[in-house]
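**Student:** This is the content of query16.txt (compact mmCIF, C-alpha atoms):
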```txt
# COMPACT_ATOMS: atom_id res chain seq x y z
CA MET A 137 104.20 127.71 76.09
CA LYS A 138 103.13 127.14 79.69
CA LEU A 139 102.99 123.37 79.39
CA LEU A 140 106.56 123.22 78.10
CA HIS A 141 107.85 124.97 81.23
CA LEU A 142 105.70 122.79 83.50
CA TYR A 143 106.83 119.63 81.70
CA GLN A 144 110.48 120.62 82.01
CA GLN A 145 110.04 121.18 85.74
CA GLU A 146 108.55 117.73 86.17
CA ALA A 147 111.22 116.08 84.02
CA GLN A 148 114.00 117.78 85.98
CA GLU A 149 112.58 116.67 89.32
CA ARG A 150 111.86 113.07 88.20
CA PRO A 151 114.16 112.18 85.31
CA GLY A 152 113.20 108.49 85.35
CA ALA A 153 109.44 108.95 85.08
CA ALA A 154 107.51 107.87 82.00
CA LYS A 155 107.01 110.74 79.60
CA TYR A 156 103.23 110.38 79.42
CA VAL A 157 103.08 110.55 83.24
CA LEU A 158 105.16 113.73 83.11
CA VAL A 159 102.61 115.25 80.71
CA ALA A 160 99.78 114.49 83.14
CA ASP A 161 101.83 115.68 86.13
CA ALA A 162 102.66 118.91 84.30
CA ILE A 163 98.95 119.56 83.86
CA ALA A 164 98.35 118.74 87.53
CA ARG A 165 101.09 121.16 88.58
CA GLY A 166 99.69 123.88 86.36
CA VAL A 167 96.22 123.46 87.84
CA ALA A 168 97.54 123.42 91.42
CA GLU A 169 99.71 126.50 90.89
CA GLY A 170 97.03 128.41 88.98
CA ALA A 171 99.04 128.50 85.77
CA LEU A 172 96.27 126.58 84.00
CA ALA A 173 92.79 127.97 84.57
CA PRO A 174 89.52 126.01 84.46
CA GLY A 175 88.13 126.12 80.95
CA GLU A 176 91.50 126.89 79.37
CA SER A 177 92.05 125.17 76.04
CA LEU A 178 95.10 122.90 75.90
CA PRO A 179 97.27 122.41 72.80
CA THR A 180 96.34 119.75 70.28
CA HIS A 181 98.06 116.40 70.68
CA ARG A 182 100.22 117.06 67.62
CA ASP A 183 101.21 120.61 68.61
CA LEU A 184 102.16 119.62 72.15
CA ALA A 185 104.11 116.60 70.92
CA GLU A 186 106.12 118.84 68.61
CA THR A 187 106.76 121.37 71.39
CA LEU A 188 107.86 118.75 73.95
CA GLY A 189 109.81 116.61 71.49
CA VAL A 190 107.76 113.48 72.19
CA THR A 191 105.43 111.33 70.11
CA VAL A 192 101.76 112.09 69.55
CA GLY A 193 100.99 108.79 71.26
CA THR A 194 102.82 109.96 74.39
CA VAL A 195 100.74 113.14 74.55
CA SER A 196 97.54 111.17 73.94
CA ARG A 197 98.38 108.85 76.85
CA GLY A 198 99.25 111.85 79.01
CA TYR A 199 95.97 113.59 78.23
CA ALA A 200 94.09 110.34 78.94
CA GLU A 201 95.86 110.05 82.30
CA ALA A 202 94.99 113.67 83.12
CA ALA A 203 91.35 113.01 82.22
CA GLN A 204 91.35 109.92 84.43
CA ARG A 205 92.48 112.13 87.33
CA GLY A 206 89.68 114.59 86.61
CA LEU A 207 92.08 117.33 85.48
CA THR A 208 90.87 117.68 81.89
CA VAL A 209 87.85 117.01 79.73
CA GLY A 210 87.84 116.28 76.02
CA VAL A 211 85.18 117.76 73.76
CA THR A 212 84.64 116.03 70.43
CA GLY A 213 85.62 118.36 67.61
CA ARG A 214 86.68 121.15 69.97
CA GLY A 215 89.75 119.87 71.80
CA THR A 216 90.88 119.31 75.38
CA PHE A 217 90.14 121.73 78.22
CA VAL A 218 91.20 122.13 81.84
CA ALA A 219 88.35 120.73 83.92
CA ALA A 220 86.26 122.91 86.19
CA PRO A 221 86.06 122.07 89.90
CA CYS A 222 83.16 119.76 90.73
CA HIS A 223 80.79 122.37 92.23
CA ASP A 224 77.97 119.82 92.23
CA VAL A 225 79.48 118.02 95.21
CA ASP A 226 80.71 121.19 96.94
CA VAL A 227 77.58 122.54 98.57
CA TYR A 228 79.36 125.52 100.08
CA GLN A 229 81.11 126.82 96.96
CA GLY A 230 80.21 130.45 96.58
CA VAL A 231 77.66 130.63 99.43
CA GLY A 232 77.01 134.31 100.12
CA ARG A 233 79.34 135.41 97.32
CA MET A 234 77.97 134.02 94.08
CA HIS A 235 74.69 133.41 92.29
CA ASP A 236 74.65 129.63 92.71
CA LEU A 237 72.82 127.99 89.82
CA GLY A 238 75.09 124.95 90.10
CA PHE A 239 73.89 123.17 93.21
CA ILE A 240 70.25 122.07 93.40
CA ALA A 241 69.18 123.63 96.68
CA PRO A 242 65.40 123.12 96.61
CA PHE A 243 64.05 126.63 97.37
CA GLU A 244 65.27 126.47 100.95
CA HIS A 245 63.64 129.78 101.87
CA LEU A 246 60.36 127.80 101.62
CA ASN A 247 61.48 125.04 104.00
CA PRO A 248 59.25 124.22 107.00
CA ASP A 249 59.93 126.28 110.13
CA LEU A 250 62.33 124.18 112.17
CA ASN A 251 61.69 126.06 115.42
CA GLU A 252 57.98 125.36 115.18
CA ALA A 253 58.64 121.75 114.22
CA VAL A 254 60.89 121.06 117.21
CA ALA A 255 58.37 122.69 119.54
CA GLU A 256 55.58 120.57 118.07
CA LEU A 257 57.68 117.43 118.43
CA SER A 258 58.30 118.14 122.10
CA ARG A 259 54.56 118.58 122.70
CA SER A 260 53.31 115.60 120.73
CA ALA A 261 55.81 112.79 121.22
CA ASP A 262 57.76 111.04 123.93
CA LEU A 263 61.26 111.65 122.64
CA ARG A 264 63.12 109.66 125.26
CA ASP A 265 63.27 106.47 123.20
CA LEU A 266 64.86 108.40 120.33
CA GLY A 267 68.03 108.79 122.40
CA HIS A 268 68.59 105.03 122.39
CA TYR A 269 70.11 102.75 119.79
CA GLN A 270 67.48 101.42 117.40
CA GLN A 271 67.38 98.61 114.88
CA PRO A 272 69.34 99.59 111.74
CA ARG A 273 66.14 99.41 109.67
CA GLY A 274 64.51 102.19 111.75
CA LEU A 275 61.55 102.38 114.11
CA LEU A 276 58.26 100.98 112.83
CA ARG A 277 56.50 104.36 112.95
CA HIS A 278 59.31 105.88 110.90
CA ARG A 279 59.04 103.09 108.33
CA GLU A 280 55.27 103.55 108.22
CA ALA A 281 55.82 107.22 107.38
CA GLY A 282 58.36 106.11 104.78
CA ALA A 283 55.76 103.89 103.16
CA LEU A 284 53.42 106.88 102.95
CA TRP A 285 56.20 108.92 101.35
CA ALA A 286 57.00 106.18 98.84
CA ALA A 287 53.31 106.21 97.90
CA ARG A 288 53.77 109.85 96.79
CA TYR A 289 56.10 108.41 94.13
CA GLY A 290 53.45 105.89 93.09
CA LEU A 291 55.06 102.95 94.90
CA ARG A 292 53.05 100.78 97.27
CA VAL A 293 55.37 99.18 99.80
CA SER A 294 54.98 97.58 103.22
CA PRO A 295 56.84 99.20 106.14
CA ASP A 296 58.38 95.75 106.68
CA ASN A 297 60.08 96.03 103.27
CA LEU A 298 61.57 99.46 103.83
CA LEU A 299 64.79 100.76 105.43
CA VAL A 300 65.39 104.24 106.84
CA CYS A 301 68.65 105.78 105.57
CA ALA A 302 70.53 108.99 106.32
CA GLY A 303 69.66 110.63 103.01
CA ALA A 304 69.58 109.49 99.40
CA GLN A 305 73.37 109.51 99.11
CA HIS A 306 73.63 107.10 102.03
CA ALA A 307 70.94 104.91 100.49
CA LEU A 308 72.87 104.80 97.21
CA LEU A 309 76.13 103.99 99.00
CA THR A 310 74.35 101.24 100.95
CA VAL A 311 73.09 99.60 97.76
CA LEU A 312 76.39 99.85 95.88
CA ALA A 313 78.45 98.56 98.81
CA SER A 314 76.04 95.73 99.62
CA LEU A 315 75.05 94.27 96.28
CA PHE A 316 78.10 94.72 94.06
CA ASN A 317 81.77 93.72 94.11
CA PRO A 318 84.91 95.53 92.89
CA GLY A 319 85.15 95.22 89.13
CA ASP A 320 81.40 94.87 88.55
CA ARG A 321 79.92 96.91 85.71
CA ILE A 322 77.09 99.33 86.48
CA ALA A 323 75.23 100.85 83.54
CA ALA A 324 73.90 104.41 83.80
CA GLU A 325 72.78 107.28 81.56
CA HIS A 326 75.74 108.77 79.66
CA LEU A 327 75.20 111.96 81.66
CA SER A 328 74.52 110.99 85.25
CA TYR A 329 74.63 111.99 88.92
CA PRO A 330 78.20 113.11 89.80
CA LEU A 331 78.13 111.36 93.17
CA LEU A 332 77.57 108.05 91.38
CA LYS A 333 80.93 108.56 89.69
CA GLN A 334 82.62 109.37 93.00
CA LEU A 335 81.14 106.35 94.80
CA ALA A 336 81.93 104.00 91.93
CA ARG A 337 85.54 105.14 91.92
CA ARG A 338 85.90 104.54 95.65
CA LEU A 339 84.18 101.15 95.51
CA ARG A 340 86.13 100.18 92.37
CA LEU A 341 83.02 99.68 90.30
CA ASN A 342 83.09 100.24 86.54
CA LEU A 343 80.49 102.57 85.05
CA THR A 344 79.21 101.93 81.53
CA PRO A 345 77.56 104.93 79.80
CA ILE A 346 74.23 104.21 78.09
CA ARG A 347 72.94 106.61 75.46
CA MET A 348 69.68 108.46 75.99
CA ASP A 349 67.39 110.87 74.20
CA GLU A 350 64.55 113.12 75.36
CA GLY A 351 62.72 109.93 76.38
CA GLY A 352 65.54 108.84 78.66
CA MET A 353 67.72 105.76 78.47
CA LEU A 354 67.65 103.90 75.14
CA PRO A 355 66.85 100.18 75.51
CA ASP A 356 68.88 99.32 72.39
CA SER A 357 71.96 100.94 73.92
CA LEU A 358 71.50 99.02 77.17
CA GLU A 359 71.03 95.79 75.22
CA ALA A 360 74.25 96.43 73.29
CA ALA A 361 76.17 97.04 76.52
CA CYS A 362 74.86 93.77 77.96
CA ARG A 363 75.92 91.85 74.86
CA ALA A 364 79.40 93.40 75.06
CA GLY A 365 80.01 92.19 78.61
CA THR A 366 78.36 91.31 81.89
CA VAL A 367 76.37 94.18 83.41
CA LYS A 368 75.52 93.65 87.06
CA GLY A 369 73.56 96.80 87.82
CA LEU A 370 71.57 99.62 86.25
CA TYR A 371 71.35 103.08 87.82
CA LEU A 372 68.84 105.57 86.48
CA MET A 373 66.52 108.48 87.26
CA PRO A 374 63.52 107.68 85.07
CA THR A 375 61.05 110.49 85.78
CA CYS A 376 63.20 113.62 86.13
CA GLN A 377 66.71 112.75 85.02
CA ASN A 378 69.60 114.72 86.46
CA PRO A 379 70.87 116.75 84.61
CA THR A 380 68.79 116.59 81.39
CA LEU A 381 65.21 116.28 82.78
CA ALA A 382 64.62 113.37 80.37
CA GLN A 383 61.51 111.37 81.25
CA ILE A 384 61.14 107.70 80.36
CA PRO A 385 57.65 106.82 79.03
CA GLU A 386 55.91 103.73 80.38
CA TYR A 387 56.46 101.56 77.31
CA ARG A 388 60.20 102.17 77.46
CA ARG A 389 60.28 101.47 81.21
CA ARG A 390 58.80 98.06 80.46
CA GLU A 391 61.40 97.45 77.74
CA LEU A 392 64.23 98.30 80.15
CA VAL A 393 62.77 96.02 82.81
CA ASP A 394 62.54 93.17 80.29
CA ILE A 395 66.22 93.61 79.43
CA CYS A 396 67.18 93.62 83.10
CA ARG A 397 65.22 90.42 83.68
CA HIS A 398 66.83 88.74 80.70
CA TYR A 399 70.37 89.62 81.80
CA ASP A 400 69.70 89.35 85.56
CA ILE A 401 70.51 93.01 86.29
CA MET A 402 69.78 94.74 89.60
CA ILE A 403 68.11 98.15 89.13
CA ILE A 404 68.78 101.19 91.30
CA GLU A 405 65.91 103.65 90.84
CA ASP A 406 67.02 107.00 92.28
CA ASP A 407 64.08 109.19 91.27
CA VAL A 408 64.61 111.91 93.89
CA TYR A 409 63.30 114.77 91.70
CA ALA A 410 60.15 112.96 90.56
CA LEU A 411 58.07 114.66 93.27
CA SER A 412 58.74 118.05 91.71
CA LEU A 413 56.53 117.02 88.77
CA GLU A 414 52.91 116.00 88.27
CA HIS A 415 52.90 112.62 86.50
CA ASN A 416 51.31 109.18 86.57
CA LEU A 417 54.25 107.08 85.42
CA PRO A 418 54.81 103.78 87.25
CA PRO A 419 58.09 103.38 89.16
CA LEU A 420 60.32 100.65 87.80
CA ALA A 421 60.14 99.14 91.29
CA SER A 422 56.42 98.52 90.74
CA LEU A 423 57.18 96.76 87.44
CA ALA A 424 60.08 94.67 88.75
CA PRO A 425 59.93 94.55 92.56
CA GLU A 426 62.14 91.45 92.61
CA ARG A 427 65.14 93.35 91.17
CA CYS A 428 64.75 97.04 91.93
CA CYS A 429 66.04 99.12 94.83
CA PHE A 430 63.93 102.29 95.00
CA ILE A 431 65.18 105.41 96.80
CA ALA A 432 62.58 107.90 98.12
CA SER A 433 64.22 111.02 99.54
CA THR A 434 62.82 113.81 101.72
CA SER A 435 65.72 116.27 101.30
CA GLU A 436 65.01 117.39 97.74
CA ALA A 437 61.34 118.10 98.43
CA LEU A 438 61.35 119.36 102.02
CA SER A 439 64.69 120.49 103.41
CA GLY A 440 68.30 119.95 102.42
CA GLY A 441 69.22 119.49 106.06
CA LEU A 442 66.65 116.72 106.53
CA ARG A 443 68.95 113.79 105.85
CA ILE A 444 66.32 111.06 105.68
CA ALA A 445 65.54 108.75 102.76
CA TYR A 446 63.66 105.50 102.46
CA LEU A 447 65.18 102.53 100.68
CA CYS A 448 62.70 100.01 99.25
CA PRO A 449 64.63 96.90 98.11
CA PRO A 450 63.71 93.42 96.89
CA ASP A 451 62.94 91.02 99.72
CA ALA A 452 66.03 88.94 98.96
CA CYS A 453 68.35 91.94 99.50
CA TYR A 454 66.81 93.35 102.68
CA ALA A 455 69.02 91.60 105.25
CA GLU A 456 72.28 92.43 103.46
CA LEU A 457 71.32 96.09 103.12
CA GLU A 458 70.37 96.30 106.79
CA LYS A 459 73.79 94.89 107.71
CA THR A 460 75.51 97.61 105.71
CA ILE A 461 73.49 100.31 107.47
CA SER A 462 74.53 98.77 110.78
CA TYR A 463 78.20 98.67 109.77
CA THR A 464 78.31 102.23 108.40
CA ILE A 465 76.15 104.41 110.67
CA SER A 466 74.40 101.96 113.05
CA MET A 467 71.08 103.62 112.19
CA ALA A 468 69.69 106.74 110.58
CA PRO A 469 69.39 109.56 113.17
CA PRO A 470 66.13 108.73 115.03
CA LEU A 471 65.33 112.33 115.93
CA MET A 472 65.62 113.39 112.29
CA ALA A 473 63.52 110.40 111.23
CA GLU A 474 60.89 111.45 113.78
CA LEU A 475 60.83 114.96 112.33
CA ALA A 476 60.42 113.61 108.79
CA ALA A 477 57.63 111.29 109.93
CA MET A 478 55.79 114.15 111.65
CA TRP A 479 55.94 116.35 108.55
CA ILE A 480 54.76 113.51 106.31
CA CYS A 481 51.88 112.52 108.58
CA ASN A 482 50.58 115.98 109.58
CA GLY A 483 50.40 117.38 106.03
CA THR A 484 53.39 119.73 106.30
CA ALA A 485 55.32 117.80 103.64
CA ASP A 486 52.53 118.12 101.08
CA ARG A 487 52.04 121.84 101.78
CA VAL A 488 55.76 122.59 101.49
CA LEU A 489 56.11 120.57 98.31
CA ALA A 490 53.14 122.41 96.78
CA SER A 491 54.66 125.80 97.63
CA LYS A 492 57.99 124.78 96.10
CA ARG A 493 56.27 123.60 92.94
CA ARG A 494 54.54 126.99 92.63
CA GLU A 495 57.85 128.83 93.01
CA ALA A 496 59.50 126.44 90.56
CA ALA A 497 56.75 127.12 88.01
CA ALA A 498 57.36 130.87 88.28
CA ARG A 499 61.11 130.45 87.84
CA ASN A 500 60.70 128.04 84.93
CA ALA A 501 58.59 130.64 83.16
CA LEU A 502 61.21 133.29 83.93
CA ALA A 503 64.00 131.10 82.58
CA ARG A 504 62.13 130.35 79.35
CA ARG A 505 61.51 134.05 78.80
CA LEU A 506 65.03 135.28 79.55
CA LEU A 507 66.72 132.47 77.61
CA ASP A 508 64.25 132.53 74.73
CA GLY A 509 65.91 131.47 71.49
CA PHE A 510 68.29 129.06 73.17
CA PRO A 511 67.67 125.30 73.60
CA LEU A 512 66.63 125.24 77.26
CA GLU A 513 64.95 122.05 78.48
CA THR A 514 62.52 122.61 81.36
CA ARG A 515 59.58 120.97 83.11
CA THR A 516 56.69 123.12 84.29
CA THR A 517 57.51 122.66 87.98
CA GLY A 518 61.02 121.21 87.67
CA PHE A 519 63.71 122.35 90.10
CA PHE A 520 66.34 122.83 87.37
CA GLY A 521 66.78 123.28 83.62
CA TRP A 522 69.21 121.93 81.03
CA LEU A 523 70.74 124.46 78.64
CA LYS A 524 72.38 123.07 75.50
CA LEU A 525 75.29 125.27 74.53
CA PRO A 526 75.71 126.63 71.00
CA ASP A 527 79.02 126.49 69.18
CA PRO A 528 81.74 127.37 69.96
CA TRP A 529 81.07 127.02 73.70
CA ALA A 530 82.37 123.99 75.59
CA SER A 531 80.74 123.40 78.96
CA VAL A 532 83.97 123.69 80.94
CA ALA A 533 84.82 127.02 79.30
CA PHE A 534 81.28 128.35 79.71
CA SER A 535 81.23 127.33 83.38
CA GLU A 536 84.49 129.15 84.05
CA ALA A 537 83.36 132.25 82.14
CA ALA A 538 80.14 132.28 84.18
CA ARG A 539 82.10 131.88 87.42
CA GLN A 540 84.19 134.91 86.54
CA ARG A 541 80.91 136.83 86.26
CA GLY A 542 79.75 135.66 89.68
CA ILE A 543 77.54 132.75 88.60
CA ILE A 544 78.02 129.05 89.30
CA VAL A 545 76.59 126.56 86.79
CA ALA A 546 77.11 122.80 86.45
CA GLY A 547 78.61 121.80 83.10
CA SER A 548 78.11 118.53 81.26
CA ASP A 549 81.71 117.54 82.00
CA LEU A 550 80.68 117.04 85.64
CA PHE A 551 78.03 114.51 84.62
CA ALA A 552 79.73 112.68 81.74
CA LEU A 553 80.60 109.05 82.44
CA SER A 554 83.21 109.03 79.68
CA HIS A 555 86.21 111.34 79.52
CA THR A 556 84.75 113.01 76.44
CA ALA A 557 81.47 114.79 77.15
CA PRO A 558 78.96 113.63 74.49
CA GLU A 559 77.16 116.96 74.41
CA GLN A 560 77.85 120.45 75.61
CA GLY A 561 75.39 121.86 78.11
CA VAL A 562 74.99 123.26 81.60
CA ARG A 563 72.47 122.47 84.30
CA LEU A 564 70.83 125.53 85.84
CA ALA A 565 69.43 125.00 89.32
CA PHE A 566 66.37 127.19 89.90
CA GLY A 567 66.20 127.09 93.69
CA GLY A 568 69.69 128.05 94.86
CA VAL A 569 69.17 131.80 94.51
CA ARG A 570 66.81 133.15 97.14
CA THR A 571 64.92 135.82 95.20
CA ARG A 572 63.43 135.87 91.73
CA GLU A 573 65.17 139.19 91.11
CA ALA A 574 68.61 137.70 91.75
CA PHE A 575 67.68 134.66 89.68
CA ALA A 576 66.64 136.88 86.77
CA GLU A 577 69.87 138.87 87.07
CA ALA A 578 71.92 135.67 86.81
CA LEU A 579 69.94 134.45 83.80
CA ALA A 580 70.29 137.80 82.05
CA THR A 581 74.06 137.57 82.50
CA LEU A 582 74.11 134.08 80.99
CA ALA A 583 71.95 135.25 78.09
CA GLY A 584 74.45 138.04 77.44
CA MET A 585 77.26 135.49 77.31
CA LEU A 586 75.34 133.35 74.84
CA HIS A 587 74.55 136.32 72.61
CA GLY A 588 78.27 137.11 72.61
```
Show me the file's structure as structure tokens.
**Tutor:**
Amino acid sequence: MKLLHLYQQEAQERPGAAKYVLVADAIARGVAEGALAPGESLPTHRDLAETLGVTVGTVSRGYAEAAQRGLTVGVTGRGTFVAAPCHDVDVYQGVGRMHDLGFIAPFEHLNPDLNEAVAELSRSADLRDLGHYQQPRGLLRHREAGALWAARYGLRVSPDNLLVCAGAQHALLTVLASLFNPGDRIAAEHLSYPLLKQLARRLRLNLTPIRMDEGGMLPDSLEAACRAGTVKGLYLMPTCQNPTLAQIPEYRRRELVDICRHYDIMIIEDDVYALSLEHNLPPLASLAPERCCFIASTSEALSGGLRIAYLCPPDACYAELEKTISYTISMAPPLMAELAAMWICNGTADRVLASKRREAAARNALARRLLDGFPLETRTTGFFGWLKLPDPWASVAFSEAARQRGIIVAGSDLFALSHTAPEQGVRLAFGGVRTREAFAEALATLAGMLHG
């Protein structure tokens, strides 16, 4: 057994170490040396305990430690597996070599022409002031464009109540670092944005998974979490949830807001994929402006390289958030903010978004046809789909099997807030592969895997 040899190596090198730590370190060594492959099934707790001559409790603690390090993932009823690398935060994984259905690159072949944009900027604006330091909140004209962009999400906001950030990730970091303290509990959907997990770990925030269904986060589950202990913040994507595409109806949004008011919870509304869909749902920020930080991003709709987002916070939080922007990056890049403002104001943003929705609609139809018979969740113009895996597939094993066939997907283990993924599925990004032909080829390969 591979783990026996790895465990013996660790025990020989560090004879005084706790046995459960040696179990976790043996797994880490196996992953680093390539002896344990992503998706590989590990022995049961009882079998490994018998092999190593330790107690079942020791193995259980060792597996828990390995999961805490991100080395393994447990699947209820199916066992423990070696975790796949987190492709969702590695933009460059497989570029030029793989069919990347893992990272949500929003149809970048349809991005606005940057050469034309820079030429237009040079003709239409005095760019000299953009080379100077600006207020951390951003220039007024950039915030005015941000208010127009927020209106696309259905949120009416004054430019004076808006901050320009260097992308949605920076906006999220700004909120988490400004409004919460180490040890605070942040509630989020049980499957959630992987970067939230990374940021929470670095800021020493505790994430509490909240159950959801096809209608998004369940108010009863949030209420139960609040009764169990103090919850300081709530992070959610209410209109197009990543990765499941769940959409919270208006009545449930109001229920969630009522709970947050009752327990004095700050809401982080990160609805970056909402613009991919036609809808008339009110942002939570419009229902509870006094306790909601709304993030409106340009990258997902227009261009991945356009690192500009607009943060719309409660009045009481504005000054603290602006300080954090000043301390971290001084200001969002003014030239990039000028480019975003030009595209928003001259109609380019709306035209590009419309073209990406059309392409997304075509690829959604293609995905539904090629994966017919399997539980694939889609939205008509959504930029990704959520494929629930049939038995006996676990997401980590399916992801690794797909990778070996030249396809990157994002498994539910990447999104799970607990060490045991509550459901087995993979997110399929529809815009990372340039042509429909290549996209169809990748889907056909996945369908073949599912058919066995």
**Student:** Can you list every residue of stretch 500-520 of chain A that has an atom at most 7 Å from stretch 574-585 of chain A, with its nearest atom pair and the distance in Å to one decimal, using only C-alpha atoms, ordered by chain then number, as a tab-separated table?
**Tutor:**
```
residue	atom	partner	partner_atom	distance
A:Ala503	CA	A:Leu579	CA	6.9
A:Leu506	CA	A:Ala580	CA	6.3
A:Leu507	CA	A:Ala583	CA	5.9
```
**Student:** Would you mind listing what lies within 9 Å of A:Thr460 as number ranges by chain, with all atoms listed in the file counted and same-chain residues fewer than 3 positions away left out?
**Tutor:** A: 272, 310-311, 313-314, 455-457, 463-466
**Student:** Pick out the residues sitting within 12 Å of A:His415, and hand them over as a compact mmCIF listing (two decimals) with C-alpha atoms, in the coordinates of the input; count all atoms listed in the file, and ignore anything fewer than 2 positions along from it in its own chain.
**Tutor:**
```txt
# COMPACT_ATOMS: atom_id res chain seq x y z
CA ARG A 288 53.77 109.85 96.79
CA TYR A 289 56.10 108.41 94.13
CA GLY A 290 53.45 105.89 93.09
CA PRO A 374 63.52 107.68 85.07
CA THR A 375 61.05 110.49 85.78
CA CYS A 376 63.20 113.62 86.13
CA GLN A 383 61.51 111.37 81.25
CA ILE A 384 61.14 107.70 80.36
CA PRO A 385 57.65 106.82 79.03
CA GLU A 386 55.91 103.73 80.38
CA TYR A 409 63.30 114.77 91.70
CA ALA A 410 60.15 112.96 90.56
CA LEU A 411 58.07 114.66 93.27
CA SER A 412 58.74 118.05 91.71
CA LEU A 413 56.53 117.02 88.77
CA LEU A 417 54.25 107.08 85.42
CA PRO A 418 54.81 103.78 87.25
CA PRO A 419 58.09 103.38 89.16
CA ARG A 515 59.58 120.97 83.11
CA THR A 516 56.69 123.12 84.29
CA THR A 517 57.51 122.66 87.98
CA GLY A 518 61.02 121.21 87.67
```
**Student:** Could you check the closest approach to A:His235 for each of A:Gly542, A:Gly441, A:Gly521, A:Pro345 and tell me which residue wins, using all atoms listed in the file?
**Tutor:**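 With all atoms listed in the file as the atom set, the closest residue is A:Gly542.
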**Student:** What lies within 7 Å of A:Phe520 using all atoms listed in the file, ignoring chain neighbours under 3 positions off, as a PDB file with C-alpha atoms, keeping the file's coordinate frame?
**Tutor:**
```pdb
ATOM      1  CA  ARG A 563      72.470 122.470  84.300  1.00  0.00           C
ATOM      2  CA  LEU A 564      70.830 125.530  85.840  1.00  0.00           C
ATOM      3  CA  ALA A 565      69.430 125.000  89.320  1.00  0.00           C
ATOM      4  CA  PHE A 566      66.370 127.190  89.900  1.00  0.00           C
TER       5      PHE A 566
END
```
**Student:** Just checking: using all atoms listed in the file, which residue out of A:Gly561, A:Pro469, A:Gly588, A:Gly193 ends up closest to A:Pro511?
**Tutor:**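 Of A:Gly561, A:Pro469, A:Gly588, A:Gly193, the one nearest A:Pro511, counting all atoms listed in the file, is A:Gly561.
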**Student:** Could you give me, as a Markdown table, every stretch 327-399 of chain A residue with an atom at most 12 Å from stretch 523-529 of chain A, plus its closest atom pair and distance in Å to one decimal, counting only C-alpha atoms, rows ordered by chain then number?
**Tutor:**
```
| residue | atom | partner | partner_atom | distance |
| --- | --- | --- | --- | --- |
| A:Pro379 | CA | A:Leu523 | CA | 9.8 |
| A:Thr380 | CA | A:Leu523 | CA | 8.6 |
| A:Leu381 | CA | A:Leu523 | CA | 10.7 |
```
**Student:** Write out, as a PDB file, in the frame of the given file, the residues just selected, with C-alpha atoms.
**Tutor:**
```
ATOM      1  CA  PRO A 379      70.870 116.750  84.610  1.00  0.00           C
ATOM      2  CA  THR A 380      68.790 116.590  81.390  1.00  0.00           C
ATOM      3  CA  LEU A 381      65.210 116.280  82.780  1.00  0.00           C
TER       4      LEU A 381
END
```
**Student:** Please, what distance in Å, to one decimal, runs between atom CA of A:Leu188 and atom CA of A:Val167?
**Tutor:**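 Separation between atom CA of A:Leu188 and atom CA of A:Val167: 18.7 Å.
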**Student:** Point out the residue among A:Leu423, A:Leu331, A:Val408, A:Ala323 with the least atom-to-atom distance to A:Thr366, counting all atoms listed in the file.
**Tutor:**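 Smallest separation from A:Thr366 among the options: A:Ala323.
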**Student:** Which residues are close to A:Val367, i.e. within 6 Å by all atoms listed in the file, leaving aside same-chain residues fewer than 2 positions away? Reply as JSON, numbers by chain.
**Tutor:** {"A": [321, 362, 369]}
